[in-house]
Amino acid sequence: MKIDFKHKQAAHCENGVISNLLNFYNIHLSEPMVFGIGSGLFFSYIPFIKLNFIPITSFRPLPGFIFKRVTRRLGIKTKRFKYNNSEKAMQELDVFIEKGIPTGMLVGVFNLSYFPKEFRFHFNAHNIVVFGKENNTYFISDPVMENVETLTYDELAKVRFAKGTYPPKGRMYYISEIPKNINLKKAIVKGISRASKDMLNIPIPLFGVKGIRYLAKRLKQWPEKLGDKRAALYLGQVIRMLEEIGTGGAGFRFIYAAFLQESAAVLEQSWLLNVSKDMTAVGDKWREFAYLAARTFKKRGTEISTYSQLSDLLLSIANQEKAIFNKLKKISL
Amino acid sequence: MKIKDVPQDDDGFLQEGKLRDLCYAVDDDGNYKQVLSIGWNPKNEAMKLALQLVEEQVEKTKQEVIEGKLSPLAYYMEKSIMDIKLVSQYSHIPKRKIRQHFKPDVFNKLKSSVIAQYAKIFNISIEDLLNIDKIKNL
């Protein structure tokens, strides 16, 4: 059984899975549209939660948030499942596929056989769609891959039950109901308002624009506090999070700029085109940050001036993003 | 970012026709388009830094295994970028016991069923897990 499912590559897995699943049900939304409606643009720096002993920097909301928001805002109903037992999880998947339902699921990356080895870290919030099974082989639409991939039963069972931080536990989901009329305009406005609130108004200094400022302040002290080697490590980790697999070049900022451009046409509000340009400019500045940061950690040496330069760059990014979301928060239909 | 500025810095991590980064960049009219990228130096460098750290740790553990200070279990754990907690989650063996199994004398006396459990996590054979000479050549 192979469902007639169209695989389309995306910059980011969660956007891609949503966009591809919706497309199957004849709702054609681009990746940027999905990202924008799902308020996918965010920033958080959480120094006391560590991943491989290095603080977490994140450029998007928690995994699953985009999916929840997009489906809710478009009035789409979904069914979700979670399992304790891998045989049951695989058996139910087979039932869905037999019924012709393309099924999204969470998997761990470490044992994902079609991923290049260098990318296989213990990261458990990767999204794929399974859309067919022949003999013992499953057809996989993995949004970051250029083409359709396959996994054997054992391989798929293994990645669905990866262990570690946020284990997927066989989680899967599918779209169960599509409303007759979809109010795209309203969904866009909601998506933009929420992203603005998250970037500007969370009263904890770790999130949004305040989070960028906080990172700027801390980063300046890294060489002194941590020593050259650890400072370089911390910086390298920020760049790896900024440049998550699939999204090249400050990707999330550019996806959002593309979203604003598309929204300007849908909502017939041309002022959004200008904000899109501002967002592109800030994306370029994030690229500059990554470029300078890479030069710094490559040397693994102290150049205090570079760390303070990086810090200043972050502060100006924070100011620019604040200005952008101050404009965007006024959005209405 | 303009389309002509989309980086194409190939460092062997990505592969054309299989996995490239999808970028959004503006064309000459200012419209956003999708462009595939084979890599970008800052990202490649961050990858290399992360891999280098893993490599350093693996190398250090390898020496300790060869010197008889640690069991092969420690080596394969590092090589799989795992920590004791993760090995415990995969194997259902308590962390305290895994720490004991890092000692070569304790490890060598383990039941073959326990060795098999570990071998399965690391996707290697039981023979390989027990063979220190093999580690020397890895």
# chains A, B, ... in the order shown; residues from 1 in each chain; ligands from 1

$ closest_atom_pairs --of "chain B" --to "chain A" --cutoff "9 Å" --atoms "only C-alpha atoms" --output "Markdown table"
| residue | atom | partner | partner_atom | distance |
| --- | --- | --- | --- | --- |
| B:Met1 | CA | A:Asp284 | CA | 6.0 |
| B:Val6 | CA | A:Gly249 | CA | 7.9 |
| B:Pro7 | CA | A:Gly249 | CA | 8.0 |
| B:Phe13 | CA | A:Glu118 | CA | 7.1 |
| B:Leu14 | CA | A:Pro116 | CA | 7.7 |
| B:Gln15 | CA | A:Pro116 | CA | 8.9 |
| B:Glu16 | CA | A:Glu146 | CA | 8.7 |
| B:Gly17 | CA | A:Glu146 | CA | 6.3 |
| B:Lys18 | CA | A:Glu146 | CA | 5.3 |
| B:Leu19 | CA | A:Met145 | CA | 5.1 |
| B:Arg20 | CA | A:Gly246 | CA | 7.2 |
| B:Asp21 | CA | A:Gly246 | CA | 4.6 |
| B:Leu22 | CA | A:Ala11 | CA | 4.8 |
| B:Cys23 | CA | A:Gly248 | CA | 5.6 |
| B:Tyr24 | CA | A:Phe254 | CA | 5.9 |
| B:Ala25 | CA | A:Phe254 | CA | 7.1 |
| B:Val26 | CA | A:Ala258 | CA | 8.7 |
| B:Gly30 | CA | A:Lys277 | CA | 8.7 |
| B:Asn31 | CA | A:Gln261 | CA | 7.8 |
| B:Tyr32 | CA | A:Ala258 | CA | 5.6 |
| B:Lys33 | CA | A:Ala258 | CA | 8.2 |
| B:Leu36 | CA | A:Gly248 | CA | 8.9 |
| B:Ser37 | CA | A:Gly248 | CA | 7.3 |
| B:Gly39 | CA | A:Gly248 | CA | 7.5 |
| B:Trp40 | CA | A:Gly248 | CA | 7.3 |
| B:Asn41 | CA | A:Tyr291 | CA | 7.9 |
| B:Pro42 | CA | A:Ala294 | CA | 5.0 |
| B:Lys43 | CA | A:Glu243 | CA | 6.3 |
| B:Glu45 | CA | A:Ala294 | CA | 6.4 |
| B:Ala46 | CA | A:Gly236 | CA | 5.0 |
| B:Met47 | CA | A:Arg240 | CA | 7.0 |
| B:Leu49 | CA | A:Gly236 | CA | 6.9 |
| B:Ala50 | CA | A:Gly236 | CA | 7.6 |
| B:Leu51 | CA | A:Glu118 | CA | 7.5 |
| B:Leu53 | CA | A:Leu233 | CA | 9.0 |
| B:Ser80 | CA | A:Phe121 | CA | 8.7 |
| B:Ile81 | CA | A:Phe121 | CA | 7.3 |
| B:Met82 | CA | A:His122 | CA | 8.0 |
| B:Lys85 | CA | A:Gly164 | CA | 7.9 |
| B:Leu86 | CA | A:Gly164 | CA | 5.6 |
| B:Val87 | CA | A:Lys163 | CA | 8.8 |
| B:Gln89 | CA | A:Lys163 | CA | 6.2 |
| B:Tyr90 | CA | A:Lys163 | CA | 6.2 |

$ write_last_selection --atoms "C-alpha atoms" --output "PDB file, in the first residue's frame"
ATOM      1  CA  MET B   1      19.831  37.555   1.810  1.00  0.00           C
ATOM      2  CA  VAL B   6      23.113  32.006  -0.710  1.00  0.00           C
ATOM      3  CA  PRO B   7      26.247  30.212   0.488  1.00  0.00           C
ATOM      4  CA  PHE B  13      28.507  17.361   5.208  1.00  0.00           C
ATOM      5  CA  LEU B  14      25.636  17.786   2.752  1.00  0.00           C
ATOM      6  CA  GLN B  15      25.070  16.000  -0.524  1.00  0.00           C
ATOM      7  CA  GLU B  16      23.496  17.201  -3.742  1.00  0.00           C
ATOM      8  CA  GLY B  17      20.375  15.281  -4.673  1.00  0.00           C
ATOM      9  CA  LYS B  18      20.080  13.879  -1.153  1.00  0.00           C
ATOM     10  CA  LEU B  19      20.273  16.504   1.558  1.00  0.00           C
ATOM     11  CA  ARG B  20      20.927  20.183   1.059  1.00  0.00           C
ATOM     12  CA  ASP B  21      19.747  23.111   3.159  1.00  0.00           C
ATOM     13  CA  LEU B  22      16.696  24.877   1.844  1.00  0.00           C
ATOM     14  CA  CYS B  23      17.163  28.646   2.081  1.00  0.00           C
ATOM     15  CA  TYR B  24      14.773  31.499   1.479  1.00  0.00           C
ATOM     16  CA  ALA B  25      16.381  34.376  -0.391  1.00  0.00           C
ATOM     17  CA  VAL B  26      15.190  37.372  -2.412  1.00  0.00           C
ATOM     18  CA  GLY B  30      12.720  41.503  -3.988  1.00  0.00           C
ATOM     19  CA  ASN B  31      10.534  38.383  -4.053  1.00  0.00           C
ATOM     20  CA  TYR B  32      11.349  35.480  -1.784  1.00  0.00           C
ATOM     21  CA  LYS B  33      12.333  32.235  -3.509  1.00  0.00           C
ATOM     22  CA  LEU B  36      19.178  24.937  -2.093  1.00  0.00           C
ATOM     23  CA  SER B  37      22.545  25.375  -0.394  1.00  0.00           C
ATOM     24  CA  GLY B  39      26.584  24.353   3.081  1.00  0.00           C
ATOM     25  CA  TRP B  40      27.791  27.476   4.840  1.00  0.00           C
ATOM     26  CA  ASN B  41      31.184  27.934   6.471  1.00  0.00           C
ATOM     27  CA  PRO B  42      30.022  29.117   9.932  1.00  0.00           C
ATOM     28  CA  LYS B  43      27.629  26.179  10.156  1.00  0.00           C
ATOM     29  CA  GLU B  45      32.726  25.076  11.476  1.00  0.00           C
ATOM     30  CA  ALA B  46      30.177  24.675  14.283  1.00  0.00           C
ATOM     31  CA  MET B  47      29.617  21.079  13.147  1.00  0.00           C
ATOM     32  CA  LEU B  49      33.779  21.865  16.543  1.00  0.00           C
ATOM     33  CA  ALA B  50      31.043  19.622  17.926  1.00  0.00           C
ATOM     34  CA  LEU B  51      32.431  16.534  16.174  1.00  0.00           C
ATOM     35  CA  LEU B  53      34.856  17.421  20.910  1.00  0.00           C
ATOM     36  CA  SER B  80      27.727   6.701  20.403  1.00  0.00           C
ATOM     37  CA  ILE B  81      27.696  10.206  21.966  1.00  0.00           C
ATOM     38  CA  MET B  82      25.798   8.789  24.935  1.00  0.00           C
ATOM     39  CA  LYS B  85      21.773   8.144  31.764  1.00  0.00           C
ATOM     40  CA  LEU B  86      21.046   7.456  28.114  1.00  0.00           C
ATOM     41  CA  VAL B  87      22.671   4.005  28.193  1.00  0.00           C
ATOM     42  CA  GLN B  89      17.349   4.398  29.425  1.00  0.00           C
ATOM     43  CA  TYR B  90      18.100   2.218  26.411  1.00  0.00           C
TER      44      TYR B  90
END

$ select_by_dssp --residues "range 81-121 of chain B" --states "helix (DSSP H, G or I)" --output "PyMOL selection string"
chain B and resi 84-91+95-101+104-108+112-121

$ residues_around --residues "Asn23 in chain A" --least-positions-apart "5" --cutoff "12 Å" --atoms "only C-alpha atoms" --output "PDB file with C-alpha atoms, in the first residue's frame"
ATOM      1  CA  ASP A   4      -0.507   9.068  -3.316  1.00  0.00           C
ATOM      2  CA  PHE A   5       1.339  11.603  -1.168  1.00  0.00           C
ATOM      3  CA  LYS A   6       3.411  14.474  -2.480  1.00  0.00           C
ATOM      4  CA  HIS A   7       6.764  14.960  -0.770  1.00  0.00           C
ATOM      5  CA  LYS A   8       8.030  18.509  -0.745  1.00  0.00           C
ATOM      6  CA  GLY A  16       7.285  20.783   6.221  1.00  0.00           C
ATOM      7  CA  VAL A  17       5.222  17.996   7.737  1.00  0.00           C
ATOM      8  CA  ILE A  18       2.281  20.351   8.299  1.00  0.00           C
ATOM      9  CA  HIS A  28      -2.155  24.496  -0.203  1.00  0.00           C
ATOM     10  CA  LEU A  29      -0.068  26.510   2.212  1.00  0.00           C
ATOM     11  CA  SER A  30       3.592  27.286   1.687  1.00  0.00           C
ATOM     12  CA  GLU A  31       6.185  26.577   4.343  1.00  0.00           C
ATOM     13  CA  VAL A  34       2.644  27.521   8.003  1.00  0.00           C
ATOM     14  CA  PRO A 102      -0.684   9.686   5.726  1.00  0.00           C
ATOM     15  CA  ILE A 175      -5.492  15.124  10.211  1.00  0.00           C
ATOM     16  CA  ILE A 178     -11.030  19.745   7.609  1.00  0.00           C
TER      17      ILE A 178
END

$ select_by_dssp --residues "range 64-230 of chain A" --states "strand (DSSP E or B)" --output "number ranges by chain"
A: 77-81, 103-107, 126-134, 137-141, 149-152, 172-177, 207
